[in-house]
>>> print(open('coords06.pdb').read())   # PDB, C-alpha atoms
ATOM      1  CA  MET A 916      12.933 -20.482 -28.584
ATOM      2  CA  LEU A 917      15.640 -18.811 -30.661
ATOM      3  CA  VAL A 918      13.726 -15.527 -30.769
ATOM      4  CA  GLU A 919      13.289 -15.626 -26.990
ATOM      5  CA  ALA A 920      16.943 -16.495 -26.428
ATOM      6  CA  HIS A 921      18.054 -13.483 -28.461
ATOM      7  CA  ALA A 922      15.408 -11.226 -26.893
ATOM      8  CA  ARG A 923      16.563 -12.071 -23.334
ATOM      9  CA  PHE A 924      20.297 -11.836 -24.100
ATOM     10  CA  PRO A 925      22.533 -11.094 -22.181
ATOM     11  CA  ASP A 926      20.410 -12.963 -19.622
ATOM     12  CA  GLU A 927      19.606 -16.655 -19.946
ATOM     13  CA  MET A 928      16.110 -17.279 -21.256
ATOM     14  CA  CYS A 929      13.946 -20.088 -19.930
ATOM     15  CA  GLY A 930      10.640 -21.784 -20.500
ATOM     16  CA  PHE A 931       8.921 -25.065 -21.188
ATOM     17  CA  LEU A 932       8.328 -27.170 -24.267
ATOM     18  CA  GLY A 933       4.929 -28.809 -24.349
ATOM     19  CA  GLY A 934       4.071 -31.833 -26.397
ATOM     20  CA  GLN A 935       3.467 -35.533 -26.176
ATOM     21  CA  PRO A 936       5.390 -37.729 -23.692
ATOM     22  CA  GLU A 937       6.932 -39.936 -26.367
ATOM     23  CA  GLY A 938       9.051 -36.973 -27.331
ATOM     24  CA  THR A 939       7.273 -34.614 -29.685
ATOM     25  CA  GLY A 940       7.500 -30.913 -28.958
ATOM     26  CA  GLU A 941       4.624 -28.743 -30.096
ATOM     27  CA  LEU A 942       4.492 -25.540 -28.082
ATOM     28  CA  PHE A 943       7.160 -23.408 -26.416
ATOM     29  CA  VAL A 944       6.048 -21.211 -23.528
ATOM     30  CA  ALA A 945       8.578 -18.643 -22.341
ATOM     31  CA  CYS A 946       8.841 -17.840 -18.637
ATOM     32  CA  LYS A 947      10.450 -15.052 -16.683
ATOM     33  CA  ASN A 948      13.988 -15.763 -15.490
ATOM     34  CA  LEU A 949      13.735 -14.712 -11.845
ATOM     35  CA  ALA A 950      17.530 -14.835 -11.546
ATOM     36  CA  ALA A 951      17.847 -12.253 -14.364
ATOM     37  CA  SER A 952      21.368 -13.551 -14.926
ATOM     38  CA  SER A 953      23.645 -14.422 -17.806
ATOM     39  CA  ARG A 954      24.761 -17.528 -15.883
ATOM     40  CA  THR A 955      21.704 -18.929 -14.097
ATOM     41  CA  PHE A 956      17.950 -19.146 -14.444
ATOM     42  CA  GLU A 957      15.074 -19.725 -12.072
ATOM     43  CA  ILE A 958      11.403 -20.168 -12.913
ATOM     44  CA  GLY A 959       8.798 -19.347 -10.293
ATOM     45  CA  PHE A 960       5.014 -19.271 -10.404
ATOM     46  CA  ASP A 961       5.134 -18.794 -14.197
ATOM     47  CA  GLN A 962       5.443 -22.569 -14.451
ATOM     48  CA  VAL A 963       1.803 -22.923 -13.369
ATOM     49  CA  LYS A 964       0.648 -20.659 -16.185
ATOM     50  CA  ALA A 965       2.946 -22.457 -18.629
ATOM     51  CA  GLU A 966       1.647 -25.879 -17.606
ATOM     52  CA  ASP A 967      -1.968 -24.687 -17.859
ATOM     53  CA  GLU A 968      -1.320 -23.262 -21.351
ATOM     54  CA  ILE A 969       0.377 -26.448 -22.511
ATOM     55  CA  GLN A 970      -2.388 -28.651 -21.107
ATOM     56  CA  ALA A 971      -5.036 -26.438 -22.743
ATOM     57  CA  ALA A 972      -3.249 -27.118 -26.035
ATOM     58  CA  GLY A 973      -3.576 -30.854 -25.429
ATOM     59  CA  GLY A 974      -0.048 -31.598 -24.311
ATOM     60  CA  GLU A 975       2.116 -31.901 -21.239
ATOM     61  CA  ILE A 976       5.526 -30.487 -20.287
ATOM     62  CA  VAL A 977       8.165 -32.597 -22.045
ATOM     63  CA  ALA A 978      11.233 -30.379 -21.716
ATOM     64  CA  LEU A 979      12.693 -27.568 -19.677
ATOM     65  CA  VAL A 980      14.275 -25.069 -22.065
ATOM     66  CA  HIS A 981      16.976 -22.539 -21.339
ATOM     67  CA  SER A 982      19.805 -20.750 -23.078
ATOM     68  CA  HIS A 983      23.520 -20.645 -22.457
ATOM     69  CA  THR A 984      24.709 -17.192 -23.395
ATOM     70  CA  HIS A 985      28.427 -17.949 -23.682
ATOM     71  CA  THR A 986      28.869 -21.708 -23.250
ATOM     72  CA  ASP A 987      27.967 -24.762 -25.305
ATOM     73  CA  ALA A 988      24.524 -26.339 -25.538
ATOM     74  CA  TYR A 989      25.395 -28.958 -22.941
ATOM     75  CA  PRO A 990      24.085 -29.327 -19.375
ATOM     76  CA  SER A 991      26.285 -27.477 -16.913
ATOM     77  CA  PRO A 992      27.136 -28.850 -13.449
ATOM     78  CA  THR A 993      24.399 -26.533 -12.136
ATOM     79  CA  ASP A 994      21.903 -28.000 -14.599
ATOM     80  CA  VAL A 995      22.836 -31.529 -13.546
ATOM     81  CA  GLU A 996      22.434 -30.706  -9.866
ATOM     82  CA  LYS A 997      19.079 -28.972 -10.378
ATOM     83  CA  SER A 998      17.793 -31.776 -12.619
ATOM     84  CA  GLN A 999      17.100 -33.739  -9.446
ATOM     85  CA  ALA A1000      14.122 -31.441  -8.827
ATOM     86  CA  VAL A1001      12.511 -32.280 -12.166
ATOM     87  CA  PRO A1002      13.011 -35.988 -12.950
ATOM     88  CA  GLY A1003      11.548 -37.066 -16.251
ATOM     89  CA  TRP A1004      11.824 -33.712 -18.036
ATOM     90  CA  ARG A1005      14.221 -33.371 -20.940
ATOM     91  CA  TRP A1006      16.750 -30.531 -20.891
ATOM     92  CA  LEU A1007      16.683 -28.570 -24.128
ATOM     93  CA  LEU A1008      19.515 -26.076 -24.438
ATOM     94  CA  VAL A1009      20.026 -23.168 -26.814
ATOM     95  CA  SER A1010      23.592 -21.920 -27.066
ATOM     96  CA  LEU A1011      24.351 -18.389 -28.243
ATOM     97  CA  LYS A1012      28.096 -18.942 -27.902
ATOM     98  CA  HIS A1013      28.650 -18.744 -31.668
ATOM     99  CA  ALA A1014      27.102 -16.637 -34.419
ATOM    100  CA  GLU A1015      24.739 -19.494 -35.309
ATOM    101  CA  PRO A1016      22.613 -20.684 -32.349
ATOM    102  CA  VAL A1017      22.929 -24.361 -31.453
ATOM    103  CA  VAL A1018      20.002 -26.341 -30.008
ATOM    104  CA  ARG A1019      20.494 -29.722 -28.329
ATOM    105  CA  SER A1020      18.320 -31.971 -26.177
ATOM    106  CA  TYR A1021      19.328 -34.256 -23.344
ATOM    107  CA  THR A1022      17.962 -36.523 -20.674
ATOM    108  CA  VAL A1023      19.661 -36.063 -17.303
ATOM    109  CA  GLU A1024      19.040 -38.864 -14.809
ATOM    110  CA  GLY A1025      21.151 -39.665 -11.779
ATOM    111  CA  GLY A1026      23.908 -37.441 -13.081
ATOM    112  CA  GLU A1027      24.061 -39.263 -16.423
ATOM    113  CA  ILE A1028      23.677 -37.006 -19.470
ATOM    114  CA  VAL A1029      22.414 -38.595 -22.682
ATOM    115  CA  GLU A1030      21.921 -36.546 -25.820
ATOM    116  CA  GLU A1031      18.812 -37.112 -27.929
ATOM    117  CA  GLU A1032      18.388 -36.438 -31.605
ATOM    118  CA  ILE A1033      16.148 -33.516 -32.524
ATOM    119  CA  VAL A1034      14.116 -34.008 -35.694
ATOM    120  CA  LEU A1035      12.245 -31.045 -37.141
ATOM    121  CA  VAL A1036       8.891 -31.865 -38.661
ATOM    122  CA  ASP A1037       6.627 -29.719 -40.818
ATOM    123  CA  GLY A1038       3.385 -28.293 -39.472
TER     124      GLY A1038
ATOM    125  CA  MET B 747      -9.544 -24.411   7.662
ATOM    126  CA  PRO B 748      -9.417 -26.220   4.335
ATOM    127  CA  VAL B 749      -7.262 -24.944   1.502
ATOM    128  CA  SER B 750      -6.727 -26.258  -1.995
ATOM    129  CA  VAL B 751      -3.228 -27.588  -2.699
ATOM    130  CA  ARG B 752      -1.836 -28.020  -6.216
ATOM    131  CA  LEU B 753       0.686 -30.849  -6.345
ATOM    132  CA  PRO B 754       3.651 -31.218  -8.701
ATOM    133  CA  THR B 755       3.679 -34.186 -11.056
ATOM    134  CA  ILE B 756       6.277 -36.056  -8.992
ATOM    135  CA  MET B 757       3.940 -36.155  -5.948
ATOM    136  CA  ARG B 758       0.694 -37.002  -7.718
ATOM    137  CA  THR B 759       1.316 -40.756  -7.717
ATOM    138  CA  HIS B 760       1.482 -40.567  -3.908
ATOM    139  CA  ALA B 761      -1.912 -38.821  -3.835
ATOM    140  CA  GLY B 762      -3.883 -41.290  -5.910
ATOM    141  CA  GLY B 763      -3.022 -39.460  -9.100
ATOM    142  CA  GLN B 764      -4.719 -36.245  -7.985
ATOM    143  CA  SER B 765      -3.229 -32.945  -9.145
ATOM    144  CA  GLU B 766      -5.170 -30.942  -6.597
ATOM    145  CA  VAL B 767      -6.145 -31.958  -3.056
ATOM    146  CA  SER B 768      -7.614 -30.341   0.028
ATOM    147  CA  ALA B 769      -5.611 -29.905   3.226
ATOM    148  CA  GLN B 770      -6.237 -28.400   6.651
ATOM    149  CA  GLY B 771      -4.194 -25.819   8.476
ATOM    150  CA  SER B 772      -3.915 -22.206   9.500
ATOM    151  CA  THR B 773      -0.292 -21.883   8.379
ATOM    152  CA  ILE B 774       1.723 -23.231   5.482
ATOM    153  CA  GLY B 775       3.561 -25.500   7.908
ATOM    154  CA  GLU B 776       0.302 -26.998   9.189
ATOM    155  CA  VAL B 777      -0.965 -27.502   5.636
ATOM    156  CA  ILE B 778       2.210 -29.355   4.707
ATOM    157  CA  ASN B 779       1.996 -31.535   7.809
ATOM    158  CA  ASP B 780      -1.616 -32.371   6.975
ATOM    159  CA  LEU B 781      -0.632 -33.253   3.419
ATOM    160  CA  VAL B 782       1.993 -35.666   4.708
ATOM    161  CA  LEU B 783      -0.540 -37.198   7.103
ATOM    162  CA  GLN B 784      -2.998 -37.742   4.261
ATOM    163  CA  PHE B 785      -0.403 -38.879   1.743
ATOM    164  CA  PRO B 786       2.686 -40.251   3.547
ATOM    165  CA  GLY B 787       4.498 -40.877   0.268
ATOM    166  CA  THR B 788       4.824 -37.126  -0.267
ATOM    167  CA  ALA B 789       7.033 -36.710   2.795
ATOM    168  CA  THR B 790      10.355 -37.430   1.093
ATOM    169  CA  HIS B 791       9.561 -34.900  -1.638
ATOM    170  CA  LEU B 792       8.158 -32.225   0.663
ATOM    171  CA  LYS B 793      10.224 -32.204   3.807
ATOM    172  CA  ALA B 794      13.912 -31.623   4.401
ATOM    173  CA  PRO B 795      15.730 -33.538   7.178
ATOM    174  CA  ASP B 796      15.643 -30.390   9.351
ATOM    175  CA  GLY B 797      11.857 -30.235   9.090
ATOM    176  CA  GLY B 798      11.829 -27.392   6.588
ATOM    177  CA  VAL B 799      10.684 -27.508   2.985
ATOM    178  CA  HIS B 800      12.713 -29.783   0.697
ATOM    179  CA  LYS B 801      15.216 -27.835  -1.403
ATOM    180  CA  PHE B 802      13.771 -29.227  -4.626
ATOM    181  CA  VAL B 803      10.312 -27.711  -4.114
ATOM    182  CA  ASN B 804       8.989 -24.198  -3.622
ATOM    183  CA  VAL B 805       5.684 -23.403  -1.959
ATOM    184  CA  TYR B 806       3.398 -20.623  -3.131
ATOM    185  CA  LEU B 807       0.445 -19.037  -1.383
ATOM    186  CA  ASN B 808      -1.789 -17.926  -4.218
ATOM    187  CA  ASP B 809       0.981 -16.674  -6.525
ATOM    188  CA  GLU B 810       3.504 -15.577  -3.893
ATOM    189  CA  ASP B 811       6.565 -17.568  -2.887
ATOM    190  CA  VAL B 812       6.291 -18.205   0.878
ATOM    191  CA  ARG B 813      10.078 -17.852   1.216
ATOM    192  CA  TYR B 814       9.385 -14.108   0.877
ATOM    193  CA  LEU B 815       6.353 -14.134   3.160
ATOM    194  CA  GLY B 816       6.502 -15.962   6.490
ATOM    195  CA  LYS B 817       7.927 -19.278   5.237
ATOM    196  CA  LEU B 818       6.284 -22.143   7.164
ATOM    197  CA  ASP B 819       4.630 -19.632   9.514
ATOM    198  CA  THR B 820       2.809 -17.913   6.629
ATOM    199  CA  PRO B 821      -0.866 -17.795   7.620
ATOM    200  CA  VAL B 822      -3.437 -19.256   5.266
ATOM    201  CA  LYS B 823      -7.151 -18.568   5.176
ATOM    202  CA  ASP B 824     -10.202 -20.256   3.801
ATOM    203  CA  GLY B 825     -10.213 -20.199   0.025
ATOM    204  CA  ASP B 826      -6.454 -19.742  -0.385
ATOM    205  CA  GLN B 827      -4.664 -21.710  -3.079
ATOM    206  CA  VAL B 828      -1.388 -23.347  -2.079
ATOM    207  CA  SER B 829       0.849 -24.556  -4.905
ATOM    208  CA  ILE B 830       3.785 -26.884  -4.414
ATOM    209  CA  LEU B 831       6.047 -26.588  -7.415
ATOM    210  CA  PRO B 832       9.384 -28.105  -8.326
ATOM    211  CA  ALA B 833      12.263 -25.696  -7.828
ATOM    212  CA  VAL B 834      12.993 -25.192 -11.513
ATOM    213  CA  ALA B 835      16.453 -23.702 -11.957
ATOM    214  CA  GLY B 836      19.767 -24.201 -13.654
ATOM    215  CA  GLY B 837      22.552 -22.286 -15.283
TER     216      GLY B 837
END
>>> encode(input="coords06.pdb", output="structure tokens")
Amino acid sequence: MLVEAHARFPDEMCGFLGGQPEGTGELFVACKNLAASSRTFEIGFDQVKAEDEIQAAGGEIVALVHSHTHTDAYPSPTDVEKSQAVPGWRWLLVSLKHAEPVVRSYTVEGGEIVEEEIVLVDG
Amino acid sequence: MPVSVRLPTIMRTHAGGQSEVSAQGSTIGEVINDLVLQFPGTATHLKAPDGGVHKFVNVYLNDEDVRYLGKLDTPVKDGDQVSILPAVAGG
């Protein structure tokens, strides 16, 4: 995710995290940002290929991933509004605002943003 | 004519859990109407109050977004794949 975020800079990168529904992430699949913007992202038909790849690996989509190129790793008002289209998916954000990237995960339901702890595991 | 329609996760519970269903129509609009007839629970996810496509979904004919084709008037033919996907975006 970090490599993709840097590779797509100055545009926002986007993609999906596949894993198990209880909250384990196992596979990141990058998608094309149709907006090609440093402030917004849009994923089109790529999401079908991403979902197929994740399912072939034995998982399901558990998070929508995107980067914030100059703001914090926190859902923007745009993210909150668009979250209505994808209920149940976590929002995983990568911020490139500072020299060290910051990655945070949230649930966004009914406008309420709740941060989740990210735990890295080996393997 | 029948076409295959891929449904997003949010609509699958309204279609007996199916991720892919068959629908009839010669345009995207007719296919959507047939889907709603078959699975009434999909209506609130598929249709906007003005009768257009709900703003939180995008419709693809094969791999092309119908917003850039003929929208609801986009013709479909036997063997086409229609995909209804959530409008994934943010910023």
>>> closest_residue(input="coords06.pdb", among="A:Thr939, A:Ser1020, A:Gln970, A:Ser952", to="chain B", atoms="all atoms listed in the file")
A:Ser952
>>> closest_residue(input="coords06.pdb", among="B:His760, B:Val751, B:Pro795, B:Ser765", to="B:Ile778", atoms="only C-alpha atoms")
B:Val751
>>> closest_residue(input="coords06.pdb", among="A:Arg923, A:Arg1005, A:His981, A:Lys947", to="chain B", atoms="only C-alpha atoms")
A:His981
>>> resolve_selection(input="coords06.pdb", expression="the ChimeraX specification (/B :<6) & /A", output="ChimeraX atom specification")
/A:954-958,993-994,997,1000
>>> residues_around(input="coords06.pdb", residues="B:Ala789", least_positions_apart="3", cutoff="12 Å", atoms="all atoms listed in the file", output="ChimeraX atom specification")
/B:756-757,760-761,778-786,792-795,797-800,803
>>> atom_distance(input="coords06.pdb", atom1="atom CA of A:Ile1028", atom2="atom CA of A:His921")
25.8 Å
>>> atom_distance(input="coords06.pdb", atom1="atom CA of A:Val918", atom2="atom CA of A:Glu937")
25.7 Å
>>> closest_residue(input="coords06.pdb", among="A:Ser998, A:His983, A:Leu932, A:Leu1007", to="A:Glu966", atoms="only C-alpha atoms")
A:Leu932
>>> atom_distance(input="coords06.pdb", atom1="atom CA of B:Val812", atom2="atom CA of A:Phe931")
23.3 Å
>>> residues_around(input="coords06.pdb", residues="A:Val977", least_positions_apart="2", cutoff="9 Å", atoms="all atoms listed in the file", output="MDAnalysis selection string")
chainID A and resid 931:940 974:975 979 1003:1006
>>> write_last_selection(input="coords06.pdb", atoms="C-alpha atoms", output="PDB file, keeping the file's coordinate frame")
ATOM      1  CA  PHE A 931       8.921 -25.065 -21.188  1.00  0.00           C
ATOM      2  CA  LEU A 932       8.328 -27.170 -24.267  1.00  0.00           C
ATOM      3  CA  GLY A 933       4.929 -28.809 -24.349  1.00  0.00           C
ATOM      4  CA  GLY A 934       4.071 -31.833 -26.397  1.00  0.00           C
ATOM      5  CA  GLN A 935       3.467 -35.533 -26.176  1.00  0.00           C
ATOM      6  CA  PRO A 936       5.390 -37.729 -23.692  1.00  0.00           C
ATOM      7  CA  GLU A 937       6.932 -39.936 -26.367  1.00  0.00           C
ATOM      8  CA  GLY A 938       9.051 -36.973 -27.331  1.00  0.00           C
ATOM      9  CA  THR A 939       7.273 -34.614 -29.685  1.00  0.00           C
ATOM     10  CA  GLY A 940       7.500 -30.913 -28.958  1.00  0.00           C
ATOM     11  CA  GLY A 974      -0.048 -31.598 -24.311  1.00  0.00           C
ATOM     12  CA  GLU A 975       2.116 -31.901 -21.239  1.00  0.00           C
ATOM     13  CA  LEU A 979      12.693 -27.568 -19.677  1.00  0.00           C
ATOM     14  CA  GLY A1003      11.548 -37.066 -16.251  1.00  0.00           C
ATOM     15  CA  TRP A1004      11.824 -33.712 -18.036  1.00  0.00           C
ATOM     16  CA  ARG A1005      14.221 -33.371 -20.940  1.00  0.00           C
ATOM     17  CA  TRP A1006      16.750 -30.531 -20.891  1.00  0.00           C
TER      18      TRP A1006
END
>>> resolve_selection(input="coords06.pdb", expression="the PyMOL selection byres ((chain B and resi 774) around 6)", output="list of chain:residue names")
B:Thr773, B:Gly775, B:Glu776, B:Val777, B:Leu818, B:Thr820
>>> axis_aligned_box(input="coords06.pdb", around="stretch 987-990 of chain A", padding_each_side="4 Å", output="lines of an AutoDock Vina configuration file")
center_x = 26.0
center_y = -27.0
center_z = -22.5
size_x = 11.9
size_y = 12.6
size_z = 14.2
